[in-house]
Structure formats: structure tokens, C-alpha cells
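**Q** Have a look at the structure that comes next, please.
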Amino acid sequence: MNTCENAKVPYTLENIKKCMCPKCPVQADSKCAMDKLDNLMKQYESGSEGNVPKNQDVPGVYCSTGRATCQDLYPEEQCICYTCAVWKEYHLQNVKPTMYFCQRGGAV
Ligand code: SF4
Ligand code: SF4
């Protein structure tokens, strides 16, 4: 796992589920991110939901894990982190970088 050592947001299943990144327009047309999301949903459906997936398999919680590995994101669209429960819980409006963690790296 290459989660940022100083990450402010813990990499947990709970935060993965709260994360709004899968619904974000920055990722909406990313085949790479949507494939990861499909695989994640299949994993959940197969009953292995209790396991925390590897961070490289999760198209989200970039505030915890840092930049996206997918290269086909579209950062000209609006980041929706401010709509996320994790954002509110960890007061991410006060951290650097500000939003677009998939592009700018994790919140520390
Ligand atoms: S703040 Fe952004 S990156 Fe972090 S969990 Fe929420 S939507 Fe995902
Ligand atoms: S970090 Fe922000 S811009 Fe990037 S995918 Fe998540 S919500 Fe969208």
C-alpha cells in the first residue's frame, strides 16, 4: 500500500464507501476509473465486502491515498469533494492541497 504516511484521512472501508469520487465528473469518462469501480462492485457483490480493497483498486479516497493512478481523468470538470461526508468529518477545507486530491495528492 502506498498510502501517504502523513495522511490526515485514514484508509478505511468506511471512508471508501463514503467517498464521492466515483460520482465525480472528473472521473465520469475515465474508462480506467470506471473499470476499477465495476470490479469493486463485483467484489462487494461476491461477499468479500468486509475486506479493505487495495488502494490501487479503488477509484477514490485520494485525500487519503494520494494521486490517482488512472491517467484519463478530466480535471477541467468540478471536483465534488466538498459534498462528501469524509470532507466534512476531517475538515478538509482547511488542508493542503485544496480539493482535486486525485491530481494534487493526499491531504496532510
Ligand atoms: S474528500 Fe474527496 S477524495 Fe476524500 S473521500 Fe471525499 S470525495 Fe473522496
Ligand atoms: S478528488 Fe475531487 S476531483 Fe478527484 S475524483 Fe475525487 S471528487 Fe473528483
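The way I read the labels, and the way they are meant: chains A, B, ... in the order of the C-alpha cells, residue 1 as the first residue of every chain, and ligand 1 as the first ligand shown, with later ones counted on from there.
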I'd like to know which residues of range 4-76 of chain A are alpha helix (DSSP H) (by DSSP, run on the backbone); could you write them as a PyMOL selection string?

**A** chain A and resi 13-18+31-45+62-65

**Q** Kindly work out which residues sit at most 6 Å from ligand 2, using only C-alpha atoms and all ligand atoms, and give the list as an mmCIF file with all heavy atoms, in the first residue's frame.

**A**
data_model
loop_
_atom_site.group_PDB
_atom_site.id
_atom_site.type_symbol
_atom_site.label_atom_id
_atom_site.label_comp_id
_atom_site.auth_asym_id
_atom_site.auth_seq_id
_atom_site.Cartn_x
_atom_site.Cartn_y
_atom_site.Cartn_z
ATOM 1 N N MET A 20 -17.132 10.322 -2.468
ATOM 2 C CA MET A 20 -17.960 10.736 -3.610
ATOM 3 C C MET A 20 -17.213 10.654 -4.941
ATOM 4 O O MET A 20 -17.814 10.871 -6.000
ATOM 5 C CB MET A 20 -18.433 12.180 -3.400
ATOM 6 C CG MET A 20 -19.367 12.373 -2.218
ATOM 7 S SD MET A 20 -20.914 11.468 -2.416
ATOM 8 C CE MET A 20 -21.724 12.502 -3.638
ATOM 9 N N CYS A 21 -15.942 10.368 -4.915
ATOM 10 C CA CYS A 21 -15.161 10.330 -6.164
ATOM 11 C C CYS A 21 -15.787 9.481 -7.265
ATOM 12 O O CYS A 21 -15.762 9.894 -8.434
ATOM 13 C CB CYS A 21 -13.746 9.834 -5.897
ATOM 14 S SG CYS A 21 -12.731 10.945 -4.912
ATOM 15 N N CYS A 24 -17.931 11.591 -9.362
ATOM 16 C CA CYS A 24 -17.376 12.895 -9.747
ATOM 17 C C CYS A 24 -17.241 13.022 -11.269
ATOM 18 O O CYS A 24 -16.782 12.087 -11.933
ATOM 19 C CB CYS A 24 -16.005 13.033 -9.097
ATOM 20 S SG CYS A 24 -15.147 14.514 -9.594
ATOM 21 N N VAL A 26 -15.066 14.537 -12.868
ATOM 22 C CA VAL A 26 -13.652 14.433 -13.268
ATOM 23 C C VAL A 26 -13.317 13.002 -13.701
ATOM 24 O O VAL A 26 -12.450 12.775 -14.550
ATOM 25 C CB VAL A 26 -12.740 14.891 -12.098
ATOM 26 C CG1 VAL A 26 -11.273 14.568 -12.360
ATOM 27 C CG2 VAL A 26 -12.921 16.380 -11.844
ATOM 28 N N GLN A 27 -14.032 12.042 -13.114
ATOM 29 C CA GLN A 27 -13.765 10.630 -13.431
ATOM 30 C C GLN A 27 -14.806 9.996 -14.342
ATOM 31 O O GLN A 27 -14.613 8.870 -14.789
ATOM 32 C CB GLN A 27 -13.746 9.801 -12.143
ATOM 33 C CG GLN A 27 -12.619 10.112 -11.215
ATOM 34 C CD GLN A 27 -12.388 9.018 -10.203
ATOM 35 O OE1 GLN A 27 -11.261 8.605 -10.021
ATOM 36 N NE2 GLN A 27 -13.421 8.532 -9.553
ATOM 37 N N GLY A 60 -10.981 6.218 -5.708
ATOM 38 C CA GLY A 60 -11.441 7.239 -4.773
ATOM 39 C C GLY A 60 -10.556 7.317 -3.543
ATOM 40 O O GLY A 60 -9.434 6.802 -3.564
ATOM 41 N N TYR A 62 -8.793 9.604 -2.614
ATOM 42 C CA TYR A 62 -7.487 10.165 -2.982
ATOM 43 C C TYR A 62 -6.973 11.127 -1.908
ATOM 44 O O TYR A 62 -5.767 11.366 -1.823
ATOM 45 C CB TYR A 62 -7.576 10.894 -4.324
ATOM 46 C CG TYR A 62 -8.080 10.038 -5.453
ATOM 47 C CD1 TYR A 62 -9.277 10.326 -6.092
ATOM 48 C CD2 TYR A 62 -7.348 8.941 -5.897
ATOM 49 C CE1 TYR A 62 -9.749 9.549 -7.135
ATOM 50 C CE2 TYR A 62 -7.801 8.147 -6.935
ATOM 51 C CZ TYR A 62 -9.010 8.455 -7.551
ATOM 52 O OH TYR A 62 -9.471 7.674 -8.573
ATOM 53 N N CYS A 79 -14.418 19.293 -9.124
ATOM 54 C CA CYS A 79 -14.228 18.364 -8.004
ATOM 55 C C CYS A 79 -15.428 18.486 -7.063
ATOM 56 O O CYS A 79 -15.873 19.596 -6.758
ATOM 57 C CB CYS A 79 -12.946 18.734 -7.269
ATOM 58 S SG CYS A 79 -12.647 17.790 -5.757
ATOM 59 N N ILE A 80 -15.942 17.339 -6.603
ATOM 60 C CA ILE A 80 -17.119 17.370 -5.719
ATOM 61 C C ILE A 80 -16.781 16.922 -4.297
ATOM 62 O O ILE A 80 -17.664 16.534 -3.531
ATOM 63 C CB ILE A 80 -18.279 16.527 -6.299
ATOM 64 C CG1 ILE A 80 -17.863 15.064 -6.484
ATOM 65 C CG2 ILE A 80 -18.787 17.134 -7.607
ATOM 66 C CD1 ILE A 80 -19.044 14.124 -6.784
ATOM 67 N N CYS A 81 -15.525 16.986 -3.933
ATOM 68 C CA CYS A 81 -15.121 16.598 -2.573
ATOM 69 C C CYS A 81 -15.921 17.337 -1.502
ATOM 70 O O CYS A 81 -16.210 16.771 -0.446
ATOM 71 C CB CYS A 81 -13.641 16.871 -2.357
ATOM 72 S SG CYS A 81 -12.548 15.637 -3.070
ATOM 73 N N MET A 99 -8.900 20.312 -2.360
ATOM 74 C CA MET A 99 -9.679 19.524 -3.323
ATOM 75 C C MET A 99 -8.778 18.905 -4.407
ATOM 76 O O MET A 99 -7.576 18.900 -4.277
ATOM 77 C CB MET A 99 -10.779 20.377 -3.947
ATOM 78 C CG MET A 99 -11.593 21.016 -2.874
ATOM 79 S SD MET A 99 -13.248 21.645 -3.175
ATOM 80 C CE MET A 99 -13.685 21.426 -4.806
ATOM 81 N N TYR A 100 -9.358 18.310 -5.402
ATOM 82 C CA TYR A 100 -8.625 17.671 -6.516
ATOM 83 C C TYR A 100 -7.461 16.810 -6.004
ATOM 84 O O TYR A 100 -6.361 16.849 -6.557
ATOM 85 C CB TYR A 100 -8.112 18.717 -7.515
ATOM 86 C CG TYR A 100 -9.216 19.392 -8.301
ATOM 87 C CD1 TYR A 100 -9.747 20.601 -7.894
ATOM 88 C CD2 TYR A 100 -9.732 18.798 -9.457
ATOM 89 C CE1 TYR A 100 -10.766 21.221 -8.609
ATOM 90 C CE2 TYR A 100 -10.758 19.410 -10.180
ATOM 91 C CZ TYR A 100 -11.265 20.620 -9.762
ATOM 92 O OH TYR A 100 -12.260 21.227 -10.476
ATOM 93 N N PHE A 101 -7.743 16.056 -4.947
ATOM 94 C CA PHE A 101 -6.675 15.217 -4.379
ATOM 95 C C PHE A 101 -6.183 14.187 -5.396
ATOM 96 O O PHE A 101 -5.031 13.754 -5.329
ATOM 97 C CB PHE A 101 -7.182 14.519 -3.113
ATOM 98 C CG PHE A 101 -7.698 15.470 -2.078
ATOM 99 C CD1 PHE A 101 -9.055 15.563 -1.816
ATOM 100 C CD2 PHE A 101 -6.837 16.300 -1.377
ATOM 101 C CE1 PHE A 101 -9.549 16.445 -0.857
ATOM 102 C CE2 PHE A 101 -7.306 17.199 -0.426
ATOM 103 C CZ PHE A 101 -8.673 17.271 -0.170
ATOM 104 N N CYS A 102 -7.060 13.804 -6.314
ATOM 105 C CA CYS A 102 -6.669 12.839 -7.359
ATOM 106 C C CYS A 102 -5.579 13.411 -8.261
ATOM 107 O O CYS A 102 -4.843 12.670 -8.901
ATOM 108 C CB CYS A 102 -7.876 12.427 -8.185
ATOM 109 S SG CYS A 102 -8.703 13.811 -8.991
#

**Q** Which neighbours of Thr69 in chain A fall inside 12 Å, counting only C-alpha atoms, when residues of the same chain fewer than 3 positions from it are skipped, and could you give them as a PDB file with N, CA, C and O atoms, in the first residue's frame?

**A**
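Full text of part_31.pdb as output:
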ATOM      1  N   ASN A   2       0.558   2.209  -0.812  1.00  0.00           N
ATOM      2  CA  ASN A   2       1.386   3.403  -0.828  1.00  0.00           C
ATOM      3  C   ASN A   2       0.627   4.620  -0.292  1.00  0.00           C
ATOM      4  O   ASN A   2       0.788   5.733  -0.737  1.00  0.00           O
ATOM      5  N   GLN A  27     -14.032  12.042 -13.114  1.00  0.00           N
ATOM      6  CA  GLN A  27     -13.765  10.630 -13.431  1.00  0.00           C
ATOM      7  C   GLN A  27     -14.806   9.996 -14.342  1.00  0.00           C
ATOM      8  O   GLN A  27     -14.613   8.870 -14.789  1.00  0.00           O
ATOM      9  N   SER A  30     -13.677   8.374 -17.424  1.00  0.00           N
ATOM     10  CA  SER A  30     -12.423   7.631 -17.320  1.00  0.00           C
ATOM     11  C   SER A  30     -12.710   6.138 -17.378  1.00  0.00           C
ATOM     12  O   SER A  30     -13.308   5.578 -16.454  1.00  0.00           O
ATOM     13  N   CYS A  32     -10.555   3.818 -17.178  1.00  0.00           N
ATOM     14  CA  CYS A  32      -9.712   3.228 -16.123  1.00  0.00           C
ATOM     15  C   CYS A  32     -10.437   3.267 -14.778  1.00  0.00           C
ATOM     16  O   CYS A  32     -10.547   2.244 -14.089  1.00  0.00           O
ATOM     17  N   ALA A  33     -10.963   4.433 -14.388  1.00  0.00           N
ATOM     18  CA  ALA A  33     -11.635   4.568 -13.087  1.00  0.00           C
ATOM     19  C   ALA A  33     -12.934   3.768 -13.061  1.00  0.00           C
ATOM     20  O   ALA A  33     -13.251   3.123 -12.056  1.00  0.00           O
ATOM     21  N   LYS A  36     -12.300   0.104 -12.607  1.00  0.00           N
ATOM     22  CA  LYS A  36     -11.965  -0.186 -11.205  1.00  0.00           C
ATOM     23  C   LYS A  36     -13.233  -0.227 -10.364  1.00  0.00           C
ATOM     24  O   LYS A  36     -13.387  -1.077  -9.485  1.00  0.00           O
ATOM     25  N   ASN A  55      -5.513  -0.142  -2.342  1.00  0.00           N
ATOM     26  CA  ASN A  55      -5.810   1.242  -2.721  1.00  0.00           C
ATOM     27  C   ASN A  55      -5.716   1.465  -4.234  1.00  0.00           C
ATOM     28  O   ASN A  55      -6.454   2.288  -4.779  1.00  0.00           O
ATOM     29  N   GLN A  56      -4.868   0.685  -4.899  1.00  0.00           N
ATOM     30  CA  GLN A  56      -4.775   0.882  -6.356  1.00  0.00           C
ATOM     31  C   GLN A  56      -6.013   0.371  -7.097  1.00  0.00           C
ATOM     32  O   GLN A  56      -6.197   0.658  -8.266  1.00  0.00           O
ATOM     33  N   ASP A  57      -6.867  -0.392  -6.375  1.00  0.00           N
ATOM     34  CA  ASP A  57      -8.102  -0.907  -6.986  1.00  0.00           C
ATOM     35  C   ASP A  57      -9.306  -0.005  -6.703  1.00  0.00           C
ATOM     36  O   ASP A  57     -10.412  -0.301  -7.126  1.00  0.00           O
ATOM     37  N   VAL A  58      -9.085   1.064  -5.948  1.00  0.00           N
ATOM     38  CA  VAL A  58     -10.202   1.923  -5.533  1.00  0.00           C
ATOM     39  C   VAL A  58     -10.117   3.280  -6.244  1.00  0.00           C
ATOM     40  O   VAL A  58      -9.141   4.015  -6.044  1.00  0.00           O
ATOM     41  N   PRO A  59     -11.125   3.612  -7.060  1.00  0.00           N
ATOM     42  CA  PRO A  59     -11.085   4.911  -7.749  1.00  0.00           C
ATOM     43  C   PRO A  59     -11.624   6.027  -6.853  1.00  0.00           C
ATOM     44  O   PRO A  59     -12.621   6.679  -7.166  1.00  0.00           O
ATOM     45  N   GLY A  60     -10.981   6.218  -5.708  1.00  0.00           N
ATOM     46  CA  GLY A  60     -11.441   7.239  -4.773  1.00  0.00           C
ATOM     47  C   GLY A  60     -10.556   7.317  -3.543  1.00  0.00           C
ATOM     48  O   GLY A  60      -9.434   6.802  -3.564  1.00  0.00           O
ATOM     49  N   TYR A  62      -8.793   9.604  -2.614  1.00  0.00           N
ATOM     50  CA  TYR A  62      -7.487  10.165  -2.982  1.00  0.00           C
ATOM     51  C   TYR A  62      -6.973  11.127  -1.908  1.00  0.00           C
ATOM     52  O   TYR A  62      -5.767  11.366  -1.823  1.00  0.00           O
ATOM     53  N   THR A  65      -5.074   8.441  -0.089  1.00  0.00           N
ATOM     54  CA  THR A  65      -4.050   7.638  -0.776  1.00  0.00           C
ATOM     55  C   THR A  65      -3.191   8.421  -1.758  1.00  0.00           C
ATOM     56  O   THR A  65      -2.209   7.902  -2.263  1.00  0.00           O
ATOM     57  N   GLY A  66      -3.580   9.642  -2.047  1.00  0.00           N
ATOM     58  CA  GLY A  66      -2.778  10.450  -2.965  1.00  0.00           C
ATOM     59  C   GLY A  66      -3.260  10.367  -4.395  1.00  0.00           C
ATOM     60  O   GLY A  66      -4.375   9.925  -4.666  1.00  0.00           O
ATOM     61  N   ASP A  72      -6.525   8.952 -17.305  1.00  0.00           N
ATOM     62  CA  ASP A  72      -7.521   9.508 -18.237  1.00  0.00           C
ATOM     63  C   ASP A  72      -8.620  10.289 -17.508  1.00  0.00           C
ATOM     64  O   ASP A  72      -9.768  10.292 -17.927  1.00  0.00           O
ATOM     65  N   LEU A  73      -8.253  10.922 -16.407  1.00  0.00           N
ATOM     66  CA  LEU A  73      -9.207  11.786 -15.705  1.00  0.00           C
ATOM     67  C   LEU A  73      -9.285  13.143 -16.405  1.00  0.00           C
ATOM     68  O   LEU A  73      -8.436  13.465 -17.243  1.00  0.00           O
ATOM     69  N   PHE A 101      -7.743  16.056  -4.947  1.00  0.00           N
ATOM     70  CA  PHE A 101      -6.675  15.217  -4.379  1.00  0.00           C
ATOM     71  C   PHE A 101      -6.183  14.187  -5.396  1.00  0.00           C
ATOM     72  O   PHE A 101      -5.031  13.754  -5.329  1.00  0.00           O
ATOM     73  N   CYS A 102      -7.060  13.804  -6.314  1.00  0.00           N
ATOM     74  CA  CYS A 102      -6.669  12.839  -7.359  1.00  0.00           C
ATOM     75  C   CYS A 102      -5.579  13.411  -8.261  1.00  0.00           C
ATOM     76  O   CYS A 102      -4.843  12.670  -8.901  1.00  0.00           O
ATOM     77  N   GLN A 103      -5.477  14.728  -8.309  1.00  0.00           N
ATOM     78  CA  GLN A 103      -4.473  15.387  -9.141  1.00  0.00           C
ATOM     79  C   GLN A 103      -3.321  15.935  -8.312  1.00  0.00           C
ATOM     80  O   GLN A 103      -2.172  15.967  -8.756  1.00  0.00           O
ATOM     81  N   GLY A 105      -2.554  15.187  -4.938  1.00  0.00           N
ATOM     82  CA  GLY A 105      -2.004  14.368  -3.867  1.00  0.00           C
ATOM     83  C   GLY A 105      -2.853  14.428  -2.613  1.00  0.00           C
ATOM     84  O   GLY A 105      -3.776  15.240  -2.514  1.00  0.00           O
TER      85      GLY A 105
END

**Q** Distance CA of Gln93 in chain A-CA of Ser64 in chain A, one decimal place?

**A**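 Separation between CA of Gln93 in chain A and CA of Ser64 in chain A: 14.4 Å.
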
**Q** What is the distance, in Å and to one decimal place, between atom 4 (Fe, counted along the ligand's line) of ligand 1 and CA of Met41 in chain A?

**A**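 Separation of atom 4 (Fe, counted along the ligand's line) of ligand 1 and CA of Met41 in chain A: 18.7 Å.
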
**Q** Need to verify the contact set: Lys96 in chain A, 10 Å, only C-alpha atoms, exclusion of same-chain residues closer than 4 positions in sequence. Can you return it as a PDB file with N, CA and C atoms, in the first residue's frame?

**A**
ATOM      1  N   CYS A  63      -7.904  11.646  -1.092  1.00  0.00           N
ATOM      2  CA  CYS A  63      -7.468  12.507   0.020  1.00  0.00           C
ATOM      3  C   CYS A  63      -6.605  11.706   0.985  1.00  0.00           C
ATOM      4  N   LEU A  92     -11.629  19.070   5.612  1.00  0.00           N
ATOM      5  CA  LEU A  92     -10.634  19.143   4.535  1.00  0.00           C
ATOM      6  C   LEU A  92     -10.609  20.492   3.832  1.00  0.00           C
ATOM      7  N   PHE A 101      -7.743  16.056  -4.947  1.00  0.00           N
ATOM      8  CA  PHE A 101      -6.675  15.217  -4.379  1.00  0.00           C
ATOM      9  C   PHE A 101      -6.183  14.187  -5.396  1.00  0.00           C
ATOM     10  N   ARG A 104      -3.649  16.393  -7.116  1.00  0.00           N
ATOM     11  CA  ARG A 104      -2.680  17.172  -6.323  1.00  0.00           C
ATOM     12  C   ARG A 104      -2.033  16.384  -5.203  1.00  0.00           C
ATOM     13  N   GLY A 105      -2.554  15.187  -4.938  1.00  0.00           N
ATOM     14  CA  GLY A 105      -2.004  14.368  -3.867  1.00  0.00           C
ATOM     15  C   GLY A 105      -2.853  14.428  -2.613  1.00  0.00           C
ATOM     16  N   GLY A 106      -2.547  13.554  -1.664  1.00  0.00           N
ATOM     17  CA  GLY A 106      -3.370  13.386  -0.471  1.00  0.00           C
ATOM     18  C   GLY A 106      -3.309  14.564   0.481  1.00  0.00           C
ATOM     19  N   ALA A 107      -4.338  14.640   1.329  1.00  0.00           N
ATOM     20  CA  ALA A 107      -4.422  15.702   2.332  1.00  0.00           C
ATOM     21  C   ALA A 107      -3.522  15.374   3.507  1.00  0.00           C
ATOM     22  N   VAL A 108      -2.690  16.315   3.900  1.00  0.00           N
ATOM     23  CA  VAL A 108      -1.804  16.098   5.048  1.00  0.00           C
ATOM     24  C   VAL A 108      -1.989  17.229   6.057  1.00  0.00           C
TER      25      VAL A 108
END

**Q** Please identify all polymer residues within 8 Å of Thr12 in chain A, counting only C-alpha atoms, omitting same-chain residues fewer than 3 positions from it, and present them as a ChimeraX atom specification.

**A** /A:15-16,52

**Q** Suppose we keep N, CA, C and O atoms; can you now write the selection as a tab-separated table (two decimals), in the first residue's frame?

**A**
chain	number	residue	atom	x	y	z
A	15	ASN	N	-14.53	4.91	4.95
A	15	ASN	CA	-14.26	6.11	4.16
A	15	ASN	C	-14.34	5.82	2.67
A	15	ASN	O	-14.79	6.68	1.89
A	16	ILE	N	-13.96	4.62	2.26
A	16	ILE	CA	-14.10	4.24	0.84
A	16	ILE	C	-15.57	4.34	0.44
A	16	ILE	O	-15.91	4.84	-0.63
A	52	VAL	N	-10.80	-4.79	3.16
A	52	VAL	CA	-10.45	-3.48	2.60
A	52	VAL	C	-9.69	-3.72	1.30
A	52	VAL	O	-8.66	-4.38	1.31

**Q** I need the residue nearest Ala28 in chain A from this list: A:Asn51, A:Gln78, A:Thr98, A:Thr83. Use only C-alpha atoms for the distance.

**A** A:Gln78

**Q** Calculated over only C-alpha atoms and all ligand atoms, which of the candidates A:Cys19, A:Met34, A:Cys70, A:Val9 has the smallest distance to ligand 1?

**A**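 Looking at the shortest contact to ligand 1, the residue is A:Cys19.
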
**Q** Calculated over only C-alpha atoms and all ligand atoms, which of the candidates A:Ala68, A:Val61, A:Gly47, A:Lys31 has the smallest distance to ligand 1?

**A**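 Closest to ligand 1 of all the choices is A:Val61.
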
**Q** Could you work out how far CA of Gln71 in chain A lies from CA of Tyr11 in chain A, giving the answer in Å with one decimal?

**A** 21.7 Å
